[in-house]
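Worksheet for the structure shown next.
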Amino acid sequence: MLTVVASQNGSFGLPDAWKILQDGGSALDAVEAGARAVEDNPDDHTVGYAGHPNIHGIVELDASIMDGATRRAGAVGSLQGYRHAITVARAVMERTPHALITGSGAARLAAEIGETQENLLTEGEHTYWAAEVGGSKAGLLAQVRQFTRDPRDGAGTVDFLAIDRDGNLASAVSTSGWAFKHPGRLGDSPIIGAGNYCDNRYGAAACTGWGELAIRASTAHTAVMAMARGASPAEAATIALRDLFELPTDGLLPLMHIVVLSPSGEHAAATTTAATTTAGARYAWQAESMSELAVSDRLVVQP
Ligand code: GLY
C-alpha cells in the first residue's frame with residue numbers, strides 16, 4: 001500500500017515524495033525528496049534555507065533519516081551552511097560507519113558529498129533576528145532564557161513517513177530547530193527514537209514540537225513500541241503524547257505533534273494543542289487511488 005504521511009508543512013514536498021513512490025522508487029528516496037523540497041522552500045522558516053537562526057543569528061540545521069527494513073539511521077546536528085540537511089543525514093547512514101555527526105564535522109561531510117555551501121540566513125530572517133535579539137547586551141545564558149521562553153514561538157519541523165512497493169518503511173525529519181536557541185542545541189529531530197523512529201515490523205513515527213520533551217520521553221520510539229504491542233496508529237499517537245504529561249514543564253503546554261504510520265498503511269496524527277491556527281493542527285497524506293494529497297485534522301490529546 002503506497003503511502004506518504006507528512007506534517008502539514010510537508011504538503012510542499014509531498015508531491016515529490018509521491019512521484020518517487022509511484023514510479024517504483026524506495027521509501028527512503030521518497031522521504032528524502034519530500035524533506036529536500038521543504039528545505040528549499042523559502043516560505044518555511046522552520047526548515048532548511050530561510051530557517052530561523054540561533055541566538056547568534058546563525059542558521060543551524062538538524063535532520064535524521066531511518067530505514068525501516070534494517071533500522072539503519074543517519075543524522076546531522078547543528079549543520080551550518082548547507083540547506084539539504086536530510087541528504088547529509090542520509091550520507092551519514094550510507095557512507096559512514098556512524099549514526100550522528102554534528103557541527104563542523106557535519107559541514108565537512110556535506111562538502112565531501114558535493115553539497116553547495118551558502119548562507120542560509122535570508123534578509124527577512126536577519127531582520128527578524130535583529131529586531132528581536134540584535135540589540136540585546138545580556139550574556140548568552142540570559143539571552144537564551146529571554147528569547148526562548150515558550151517553545152510555541154519558535155517550534156517547527158517537517159516530518160515524512162512512507163511505505164514503498166516492496167512494503168519497506170522509511171522516515172525523515174528536518175528542522176532549523178527552536179528559533180534563537182543556544183548555539184549547538186540539538187532538538188529531537190536528529191535523535192533517533194526521540195523525533196524519528198521507523199521499523200518495518202511495527203511502523204514509523206515522527207514528531208514536531210518541543211524537542212526537549214521528545215528527547216526526555218523518546219516519543220517516536222514510544223509510539224512505535226505501542227504499535228509493537230498491538231496499538232493502532234491513533235492509539236499509539238495518543239499513548240506517546242499522554243506520556244509527556246508526566247514531565248514537569250514549568251507550567252507550559254507540553255507542545256508536541258506526532259505522525260504515525262503502520263506497516264499496512266494505516267495512519268494517524270495527534271497534537272497536544274487545540275489551536276487550529278498552528279501548523280501542528282493538521283497533517284498531510286496520500287495513498288494509492290488518490291489523485292492528490294489530503295490534509296486531515298489531527299487528534300487532539302490534552303492533559
Ligand atoms: N522539534 C524540533 C526541535 O525541537 O528542534
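Within each chain, counting starts at residue 1; across the C-alpha cells, chains are named A, B, ... in the order shown, with ligands numbered 1 upward in that order.
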| query | Would you name the residues within 7 Å of ligand 1, counting only C-alpha atoms and all ligand atoms, and put them as a VMD selection string? | reply | chain A and resid 155 to 157 175 to 178 186 to 189 195 207 to 212
Any chance you could export the current selection's N, CA and C atoms as a short mmCIF file (atom, residue, chain, number, x, y, z; two decimals), in the first residue's frame?
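As written to disk, selection.cif reads:
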```cif
data_model
loop_
_atom_site.label_atom_id
_atom_site.label_comp_id
_atom_site.auth_asym_id
_atom_site.auth_seq_id
_atom_site.Cartn_x
_atom_site.Cartn_y
_atom_site.Cartn_z
N ALA A 155 8.88 26.84 17.48
CA ALA A 155 8.98 25.43 17.10
C ALA A 155 8.49 25.21 15.68
N GLY A 156 9.02 24.21 15.05
CA GLY A 156 8.58 23.83 13.71
C GLY A 156 9.59 22.90 13.10
N THR A 157 9.13 22.04 12.22
CA THR A 157 9.96 20.94 11.72
C THR A 157 9.14 20.30 10.61
N THR A 175 14.81 20.11 10.30
CA THR A 175 14.39 21.32 11.03
C THR A 175 15.54 22.31 11.17
N SER A 176 15.18 23.58 11.34
CA SER A 176 16.17 24.56 11.79
C SER A 176 16.07 24.74 13.31
N GLY A 177 15.17 23.98 13.93
CA GLY A 177 15.11 23.94 15.39
C GLY A 177 14.41 25.15 16.01
N TRP A 178 14.57 25.27 17.26
CA TRP A 178 13.91 26.30 18.07
C TRP A 178 14.56 27.66 17.75
N LEU A 186 20.73 20.70 20.19
CA LEU A 186 20.05 19.73 19.34
C LEU A 186 18.66 19.50 19.89
N GLY A 187 17.68 19.46 19.00
CA GLY A 187 16.34 19.07 19.42
C GLY A 187 16.16 17.57 19.23
N ASP A 188 14.91 17.17 19.09
CA ASP A 188 14.60 15.74 18.93
C ASP A 188 14.80 15.25 17.51
N SER A 189 14.80 16.17 16.54
CA SER A 189 14.80 15.74 15.13
C SER A 189 15.99 14.88 14.74
N GLY A 195 12.69 12.11 17.97
CA GLY A 195 11.85 12.74 16.95
C GLY A 195 11.58 11.87 15.75
N CYS A 207 8.04 13.34 15.05
CA CYS A 207 7.48 14.42 15.86
C CYS A 207 7.83 15.79 15.31
N THR A 208 7.00 16.76 15.64
CA THR A 208 7.36 18.17 15.55
C THR A 208 6.89 18.79 16.88
N GLY A 209 7.52 19.87 17.28
CA GLY A 209 7.11 20.48 18.55
C GLY A 209 8.30 20.72 19.45
N TRP A 210 8.10 20.58 20.72
CA TRP A 210 9.09 20.93 21.74
C TRP A 210 10.07 19.77 21.87
N GLY A 211 11.21 19.91 21.20
CA GLY A 211 12.14 18.80 21.05
C GLY A 211 12.67 18.24 22.36
N GLU A 212 12.88 19.12 23.34
CA GLU A 212 13.45 18.65 24.61
C GLU A 212 12.53 17.61 25.25
#
```
| query | Using only C-alpha atoms, which residues sit within 7 Å of range 280-294 of chain A once same-chain residues fewer than 3 positions away are excluded, as a PyMOL selection string? | reply | chain A and resi 1-8+10-11+257+269+271+275-276+297-298
| said: From the options A:Leu252, A:Ala206, A:Val259, A:Ile58, which residue's atoms come nearest to Pro151 in chain A, counting only C-alpha atoms? | reply: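 Using only C-alpha atoms, the shortest distance to Pro151 in chain A belongs to A:Leu252.
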| field | Nearest candidate to Tyr49 in chain A (options A:Glu112, A:Asp199, A:Glu118, A:Asp243; using only C-alpha atoms) | value |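 Looking only at the distances to Tyr49 in chain A, the closest residue turns out to be A:Glu118.
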List the neighbours of His52 in chain A out to 7 Å using only C-alpha atoms; skip same-chain residues closer than 2 positions along the sequence, and give me the result as a PDB file with C-alpha atoms, in the first residue's frame.
```
ATOM      1  CA  HIS A  45      11.042  29.333   8.351  1.00  0.00           C
ATOM      2  CA  THR A  46      11.348  26.152  10.380  1.00  0.00           C
ATOM      3  CA  ALA A  50      15.423  30.632   5.347  1.00  0.00           C
ATOM      4  CA  ASN A  54      20.071  30.595  16.673  1.00  0.00           C
ATOM      5  CA  VAL A  59      21.065  29.052  10.980  1.00  0.00           C
ATOM      6  CA  GLU A 125      15.274  36.213   8.883  1.00  0.00           C
ATOM      7  CA  SER A 176      16.172  24.564  11.795  1.00  0.00           C
ATOM      8  CA  ALA A 179      14.284  29.943  16.986  1.00  0.00           C
TER       9      ALA A 179
END
```
| field | Shortest interatomic distance to Leu121 in chain A - which of A:Ala75, A:Leu61, A:Leu140, A:Ala172, counting only C-alpha atoms | value |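 Selected residue with least distance to Leu121 in chain A: A:Leu61.
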| query | Nearest to Leu14 in chain A: which of A:Ile191, A:Val224, A:Met256, A:Val295 is it, counting only C-alpha atoms? | reply | A:Val295
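Take CA of Ser264 in chain A and CA of Ala99 in chain A: the distance between them is 27.4 Å.
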List every residue of range 36-107 of chain A that DSSP, applied to the backbone of this structure, assigns to helix (DSSP H, G or I), and report them as a PDB file with all heavy atoms, in the first residue's frame.
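Result file is states-v3.pdb:
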```pdb
ATOM      1  N   ARG A  36      13.760  17.342   1.212  1.00  0.00           N
ATOM      2  CA  ARG A  36      14.612  18.276   0.444  1.00  0.00           C
ATOM      3  C   ARG A  36      13.787  19.428  -0.128  1.00  0.00           C
ATOM      4  O   ARG A  36      14.224  20.580  -0.123  1.00  0.00           O
ATOM      5  CB  ARG A  36      15.298  17.539  -0.722  1.00  0.00           C
ATOM      6  CG  ARG A  36      16.597  16.878  -0.378  1.00  0.00           C
ATOM      7  CD  ARG A  36      17.193  16.228  -1.628  1.00  0.00           C
ATOM      8  NE  ARG A  36      17.774  17.176  -2.550  1.00  0.00           N
ATOM      9  CZ  ARG A  36      19.075  17.497  -2.595  1.00  0.00           C
ATOM     10  NH1 ARG A  36      19.927  16.917  -1.765  1.00  0.00           N
ATOM     11  NH2 ARG A  36      19.521  18.373  -3.470  1.00  0.00           N
ATOM     12  N   ALA A  37      12.605  19.083  -0.647  1.00  0.00           N
ATOM     13  CA  ALA A  37      11.767  20.143  -1.226  1.00  0.00           C
ATOM     14  C   ALA A  37      11.395  21.172  -0.167  1.00  0.00           C
ATOM     15  O   ALA A  37      11.401  22.385  -0.425  1.00  0.00           O
ATOM     16  CB  ALA A  37      10.509  19.527  -1.842  1.00  0.00           C
ATOM     17  N   VAL A  38      11.082  20.702   1.028  1.00  0.00           N
ATOM     18  CA  VAL A  38      10.712  21.651   2.091  1.00  0.00           C
ATOM     19  C   VAL A  38      11.944  22.448   2.529  1.00  0.00           C
ATOM     20  O   VAL A  38      11.846  23.642   2.842  1.00  0.00           O
ATOM     21  CB  VAL A  38      10.054  20.905   3.273  1.00  0.00           C
ATOM     22  CG1 VAL A  38       9.659  21.884   4.386  1.00  0.00           C
ATOM     23  CG2 VAL A  38       8.816  20.146   2.797  1.00  0.00           C
ATOM     24  N   GLU A  39      13.105  21.807   2.535  1.00  0.00           N
ATOM     25  CA  GLU A  39      14.343  22.535   2.860  1.00  0.00           C
ATOM     26  C   GLU A  39      14.607  23.656   1.854  1.00  0.00           C
ATOM     27  O   GLU A  39      15.249  24.660   2.188  1.00  0.00           O
ATOM     28  CB  GLU A  39      15.523  21.557   2.890  1.00  0.00           C
ATOM     29  CG  GLU A  39      15.495  20.628   4.096  1.00  0.00           C
ATOM     30  CD  GLU A  39      16.481  19.464   4.034  1.00  0.00           C
ATOM     31  OE1 GLU A  39      16.973  19.139   2.930  1.00  0.00           O
ATOM     32  OE2 GLU A  39      16.749  18.850   5.076  1.00  0.00           O
ATOM     33  N   ASP A  40      14.097  23.490   0.639  1.00  0.00           N
ATOM     34  CA  ASP A  40      14.260  24.528  -0.398  1.00  0.00           C
ATOM     35  C   ASP A  40      13.210  25.633  -0.295  1.00  0.00           C
ATOM     36  O   ASP A  40      13.345  26.664  -0.970  1.00  0.00           O
ATOM     37  CB  ASP A  40      14.113  23.904  -1.798  1.00  0.00           C
ATOM     38  CG  ASP A  40      15.332  23.107  -2.213  1.00  0.00           C
ATOM     39  OD1 ASP A  40      16.438  23.397  -1.728  1.00  0.00           O
ATOM     40  OD2 ASP A  40      15.173  22.187  -3.051  1.00  0.00           O
ATOM     41  N   ALA A  85      20.018  19.311   4.806  1.00  0.00           N
ATOM     42  CA  ALA A  85      20.458  18.529   5.969  1.00  0.00           C
ATOM     43  C   ALA A  85      20.046  17.069   5.848  1.00  0.00           C
ATOM     44  O   ALA A  85      20.760  16.169   6.305  1.00  0.00           O
ATOM     45  CB  ALA A  85      19.881  19.153   7.236  1.00  0.00           C
ATOM     46  N   ILE A  86      18.902  16.811   5.212  1.00  0.00           N
ATOM     47  CA  ILE A  86      18.420  15.424   5.122  1.00  0.00           C
ATOM     48  C   ILE A  86      19.341  14.572   4.243  1.00  0.00           C
ATOM     49  O   ILE A  86      19.555  13.381   4.528  1.00  0.00           O
ATOM     50  CB  ILE A  86      16.947  15.371   4.624  1.00  0.00           C
ATOM     51  CG1 ILE A  86      16.328  14.024   4.954  1.00  0.00           C
ATOM     52  CG2 ILE A  86      16.823  15.689   3.148  1.00  0.00           C
ATOM     53  CD1 ILE A  86      16.172  13.750   6.430  1.00  0.00           C
ATOM     54  N   THR A  87      19.894  15.187   3.215  1.00  0.00           N
ATOM     55  CA  THR A  87      20.795  14.441   2.330  1.00  0.00           C
ATOM     56  C   THR A  87      22.123  14.159   3.044  1.00  0.00           C
ATOM     57  O   THR A  87      22.722  13.091   2.858  1.00  0.00           O
ATOM     58  CB  THR A  87      21.001  15.236   1.031  1.00  0.00           C
ATOM     59  OG1 THR A  87      19.736  15.285   0.371  1.00  0.00           O
ATOM     60  CG2 THR A  87      22.041  14.608   0.123  1.00  0.00           C
ATOM     61  N   VAL A  88      22.544  15.087   3.869  1.00  0.00           N
ATOM     62  CA  VAL A  88      23.771  14.866   4.642  1.00  0.00           C
ATOM     63  C   VAL A  88      23.512  13.768   5.682  1.00  0.00           C
ATOM     64  O   VAL A  88      24.364  12.900   5.919  1.00  0.00           O
ATOM     65  CB  VAL A  88      24.273  16.173   5.285  1.00  0.00           C
ATOM     66  CG1 VAL A  88      25.667  15.960   5.869  1.00  0.00           C
ATOM     67  CG2 VAL A  88      24.305  17.316   4.273  1.00  0.00           C
ATOM     68  N   ALA A  89      22.309  13.787   6.272  1.00  0.00           N
ATOM     69  CA  ALA A  89      21.947  12.722   7.228  1.00  0.00           C
ATOM     70  C   ALA A  89      21.968  11.359   6.529  1.00  0.00           C
ATOM     71  O   ALA A  89      22.455  10.364   7.082  1.00  0.00           O
ATOM     72  CB  ALA A  89      20.567  13.001   7.815  1.00  0.00           C
ATOM     73  N   ARG A  90      21.462  11.332   5.314  1.00  0.00           N
ATOM     74  CA  ARG A  90      21.465  10.044   4.583  1.00  0.00           C
ATOM     75  C   ARG A  90      22.900   9.602   4.289  1.00  0.00           C
ATOM     76  O   ARG A  90      23.204   8.404   4.327  1.00  0.00           O
ATOM     77  CB  ARG A  90      20.652  10.177   3.293  1.00  0.00           C
ATOM     78  CG  ARG A  90      20.512   8.845   2.609  1.00  0.00           C
ATOM     79  CD  ARG A  90      19.436   8.817   1.583  1.00  0.00           C
ATOM     80  NE  ARG A  90      19.386   7.521   0.924  1.00  0.00           N
ATOM     81  CZ  ARG A  90      18.562   7.202  -0.044  1.00  0.00           C
ATOM     82  NH1 ARG A  90      17.679   8.094  -0.478  1.00  0.00           N
ATOM     83  NH2 ARG A  90      18.583   5.999  -0.588  1.00  0.00           N
ATOM     84  N   ALA A  91      23.768  10.564   4.016  1.00  0.00           N
ATOM     85  CA  ALA A  91      25.180  10.212   3.780  1.00  0.00           C
ATOM     86  C   ALA A  91      25.822   9.665   5.058  1.00  0.00           C
ATOM     87  O   ALA A  91      26.664   8.764   4.993  1.00  0.00           O
ATOM     88  CB  ALA A  91      25.941  11.438   3.270  1.00  0.00           C
ATOM     89  N   VAL A  92      25.424  10.206   6.201  1.00  0.00           N
ATOM     90  CA  VAL A  92      25.926   9.648   7.468  1.00  0.00           C
ATOM     91  C   VAL A  92      25.541   8.165   7.541  1.00  0.00           C
ATOM     92  O   VAL A  92      26.362   7.297   7.868  1.00  0.00           O
ATOM     93  CB  VAL A  92      25.349  10.407   8.687  1.00  0.00           C
ATOM     94  CG1 VAL A  92      25.719   9.697   9.988  1.00  0.00           C
ATOM     95  CG2 VAL A  92      25.845  11.843   8.706  1.00  0.00           C
ATOM     96  N   MET A  93      24.292   7.874   7.187  1.00  0.00           N
ATOM     97  CA  MET A  93      23.789   6.490   7.272  1.00  0.00           C
ATOM     98  C   MET A  93      24.469   5.567   6.266  1.00  0.00           C
ATOM     99  O   MET A  93      24.831   4.437   6.597  1.00  0.00           O
ATOM    100  CB  MET A  93      22.272   6.492   7.037  1.00  0.00           C
ATOM    101  CG  MET A  93      21.639   5.114   7.030  1.00  0.00           C
ATOM    102  SD  MET A  93      19.837   5.177   6.962  1.00  0.00           S
ATOM    103  CE  MET A  93      19.566   5.418   5.209  1.00  0.00           C
ATOM    104  N   GLU A  94      24.621   6.057   5.042  1.00  0.00           N
ATOM    105  CA  GLU A  94      25.044   5.156   3.953  1.00  0.00           C
ATOM    106  C   GLU A  94      26.532   5.209   3.651  1.00  0.00           C
ATOM    107  O   GLU A  94      27.061   4.284   3.042  1.00  0.00           O
ATOM    108  CB  GLU A  94      24.255   5.497   2.679  1.00  0.00           C
ATOM    109  CG  GLU A  94      22.775   5.174   2.836  1.00  0.00           C
ATOM    110  CD  GLU A  94      21.966   5.434   1.575  1.00  0.00           C
ATOM    111  OE1 GLU A  94      22.417   6.219   0.712  1.00  0.00           O
ATOM    112  OE2 GLU A  94      20.859   4.853   1.474  1.00  0.00           O
ATOM    113  N   ARG A  95      27.198   6.303   4.052  1.00  0.00           N
ATOM    114  CA  ARG A  95      28.589   6.455   3.620  1.00  0.00           C
ATOM    115  C   ARG A  95      29.580   6.562   4.765  1.00  0.00           C
ATOM    116  O   ARG A  95      30.761   6.804   4.533  1.00  0.00           O
ATOM    117  CB  ARG A  95      28.684   7.667   2.670  1.00  0.00           C
ATOM    118  CG  ARG A  95      27.776   7.455   1.446  1.00  0.00           C
ATOM    119  CD  ARG A  95      27.704   8.637   0.547  1.00  0.00           C
ATOM    120  NE  ARG A  95      28.937   8.867  -0.168  1.00  0.00           N
ATOM    121  CZ  ARG A  95      29.113   9.764  -1.128  1.00  0.00           C
ATOM    122  NH1 ARG A  95      28.072  10.512  -1.501  1.00  0.00           N
ATOM    123  NH2 ARG A  95      30.266   9.933  -1.725  1.00  0.00           N
ATOM    124  N   GLY A 103      27.908  19.612  13.877  1.00  0.00           N
ATOM    125  CA  GLY A 103      28.746  20.794  13.764  1.00  0.00           C
ATOM    126  C   GLY A 103      29.664  20.803  12.559  1.00  0.00           C
ATOM    127  O   GLY A 103      29.250  20.529  11.426  1.00  0.00           O
ATOM    128  N   SER A 104      30.927  21.153  12.815  1.00  0.00           N
ATOM    129  CA  SER A 104      31.874  21.296  11.702  1.00  0.00           C
ATOM    130  C   SER A 104      32.088  19.959  10.985  1.00  0.00           C
ATOM    131  O   SER A 104      32.361  19.928   9.778  1.00  0.00           O
ATOM    132  CB  SER A 104      33.204  21.851  12.205  1.00  0.00           C
ATOM    133  OG  SER A 104      33.745  20.988  13.185  1.00  0.00           O
ATOM    134  N   GLY A 105      31.944  18.857  11.714  1.00  0.00           N
ATOM    135  CA  GLY A 105      32.079  17.540  11.076  1.00  0.00           C
ATOM    136  C   GLY A 105      30.953  17.294  10.081  1.00  0.00           C
ATOM    137  O   GLY A 105      31.167  16.711   9.004  1.00  0.00           O
ATOM    138  N   ALA A 106      29.746  17.744  10.420  1.00  0.00           N
ATOM    139  CA  ALA A 106      28.609  17.580   9.506  1.00  0.00           C
ATOM    140  C   ALA A 106      28.806  18.456   8.270  1.00  0.00           C
ATOM    141  O   ALA A 106      28.530  18.032   7.129  1.00  0.00           O
ATOM    142  CB  ALA A 106      27.315  17.943  10.221  1.00  0.00           C
ATOM    143  N   ALA A 107      29.311  19.683   8.479  1.00  0.00           N
ATOM    144  CA  ALA A 107      29.572  20.574   7.334  1.00  0.00           C
ATOM    145  C   ALA A 107      30.672  19.990   6.447  1.00  0.00           C
ATOM    146  O   ALA A 107      30.611  20.077   5.210  1.00  0.00           O
ATOM    147  CB  ALA A 107      29.959  21.960   7.835  1.00  0.00           C
TER     148      ALA A 107
END
```
| field | Spatial neighbours of Ser136 in chain A, 12 Å, only C-alpha atoms, chain gap at least 6 places, as number ranges by chain | value | A: 55-56, 129-130, 142-144, 146-147
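With only C-alpha atoms as the atoms that count, the minimum distance from Leu161 in chain A to the choices A:Ser64, A:Thr273, A:Thr122, A:Gln302 is reached by A:Ser64.
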